[in-house]
>>> print(open('final_7.cif').read())   # mmCIF, C-alpha atoms
data_data
loop_
_atom_site.group_PDB
_atom_site.id
_atom_site.type_symbol
_atom_site.label_atom_id
_atom_site.label_comp_id
_atom_site.auth_asym_id
_atom_site.auth_seq_id
_atom_site.Cartn_x
_atom_site.Cartn_y
_atom_site.Cartn_z
ATOM 1 C CA MET K 1 25.737 -14.113 -16.132
ATOM 2 C CA THR K 2 23.104 -11.372 -16.375
ATOM 3 C CA ILE K 3 22.897 -8.827 -13.607
ATOM 4 C CA THR K 4 19.607 -7.012 -13.290
ATOM 5 C CA THR K 5 19.293 -3.793 -11.413
ATOM 6 C CA ARG K 6 16.068 -2.790 -9.768
ATOM 7 C CA ASP K 7 14.634 0.678 -9.888
ATOM 8 C CA PRO K 8 13.963 1.715 -6.270
ATOM 9 C CA ARG K 9 11.327 4.213 -7.439
ATOM 10 C CA LYS K 10 9.291 1.343 -8.869
ATOM 11 C CA ASP K 11 10.024 -1.068 -6.009
ATOM 12 C CA ARG K 12 9.267 1.258 -3.145
ATOM 13 C CA THR K 13 6.368 0.693 -0.813
ATOM 14 C CA TRP K 14 3.497 3.151 -0.487
ATOM 15 C CA THR K 15 2.782 5.240 2.564
ATOM 16 C CA PRO K 16 -0.776 5.614 3.863
ATOM 17 C CA GLU K 17 -0.767 9.034 2.179
ATOM 18 C CA ASP K 18 0.122 7.409 -1.165
ATOM 19 C CA VAL K 19 -2.690 4.864 -0.811
ATOM 20 C CA SER K 20 -5.082 7.585 0.319
ATOM 21 C CA ALA K 21 -4.355 9.624 -2.809
ATOM 22 C CA PHE K 22 -4.620 6.553 -5.050
ATOM 23 C CA LEU K 23 -7.958 5.380 -3.619
ATOM 24 C CA GLY K 24 -9.353 8.837 -2.903
ATOM 25 C CA VAL K 25 -10.140 8.086 0.731
ATOM 26 C CA PRO K 26 -8.903 9.852 3.881
ATOM 27 C CA VAL K 27 -5.914 8.385 5.736
ATOM 28 C CA PRO K 28 -8.014 7.754 8.898
ATOM 29 C CA THR K 29 -10.288 5.550 6.774
ATOM 30 C CA LEU K 30 -7.275 3.424 5.789
ATOM 31 C CA TYR K 31 -6.329 2.988 9.436
ATOM 32 C CA ARG K 32 -9.916 2.088 10.322
ATOM 33 C CA TRP K 33 -10.036 -0.478 7.492
ATOM 34 C CA ARG K 34 -6.692 -1.887 8.625
ATOM 35 C CA HIS K 35 -7.960 -2.218 12.192
ATOM 36 C CA LYS K 36 -11.088 -4.033 10.949
ATOM 37 C CA GLY K 37 -9.090 -6.161 8.485
ATOM 38 C CA ILE K 38 -11.122 -5.056 5.454
ATOM 39 C CA GLY K 39 -8.790 -2.785 3.489
ATOM 40 C CA PRO K 40 -5.661 -3.391 1.454
ATOM 41 C CA LYS K 41 -3.003 -5.310 3.330
ATOM 42 C CA GLY K 42 -0.548 -3.038 5.091
ATOM 43 C CA ARG K 43 2.627 -4.045 6.866
ATOM 44 C CA ARG K 44 4.293 -2.523 9.843
ATOM 45 C CA ILE K 45 7.889 -1.455 9.308
ATOM 46 C CA GLY K 46 8.997 -0.336 12.743
ATOM 47 C CA ARG K 47 6.490 2.351 13.724
ATOM 48 C CA HIS K 48 5.298 2.916 10.174
ATOM 49 C CA VAL K 49 2.647 1.245 8.018
ATOM 50 C CA ARG K 50 3.601 0.578 4.425
ATOM 51 C CA TYR K 51 1.697 -0.964 1.529
ATOM 52 C CA LYS K 52 2.985 -2.950 -1.424
ATOM 53 C CA PRO K 53 1.505 -1.380 -4.579
ATOM 54 C CA GLU K 54 0.579 -4.793 -5.980
ATOM 55 C CA ASP K 55 -1.413 -5.586 -2.805
ATOM 56 C CA VAL K 56 -3.310 -2.299 -3.113
ATOM 57 C CA TRP K 57 -4.048 -2.963 -6.794
ATOM 58 C CA ALA K 58 -5.197 -6.534 -6.046
ATOM 59 C CA TRP K 59 -7.501 -5.328 -3.270
ATOM 60 C CA PHE K 60 -8.837 -2.578 -5.539
ATOM 61 C CA GLU K 61 -9.589 -5.068 -8.324
ATOM 62 C CA GLU K 62 -11.499 -7.272 -5.851
ATOM 63 C CA GLN K 63 -13.734 -4.317 -4.958
ATOM 64 C CA VAL K 64 -14.780 -3.427 -8.500
#
>>> encode(input="final_7.cif", output="structure tokens")
Amino acid sequence: MTITTRDPRKDRTWTPEDVSAFLGVPVPTLYRWRHKGIGPKGRRIGRHVRYKPEDVWAWFEEQV
């Protein structure tokens, strides 16, 4: 049996600040896009919004 360990640094979700830095847009723009349903898909974890990096990349690729 093979046991694989996951690297939490690679598996972690991105904060709005992470996505903001990646896309080069202000955090309020991300929240506005989220409200309008036009930006990368974010998920609510309790009171916080988090983004899966692969969702952000997929959304980015659709825009180019």
>>> residues_around(input="final_7.cif", residues="region 31-38 of chain K", least_positions_apart="5", cutoff="12 Å", atoms="only C-alpha atoms", output="ChimeraX atom specification")
/K:15-17,19-20,25-26,43-44,48-51,56,59-60,62-63
>>> atom_distance(input="final_7.cif", atom1="CA of Glu61 (chain K)", atom2="CA of Pro28 (chain K)")
21.5 Å
>>> atom_distance(input="final_7.cif", atom1="CA of Thr29 (chain K)", atom2="CA of Ile45 (chain K)")
19.6 Å
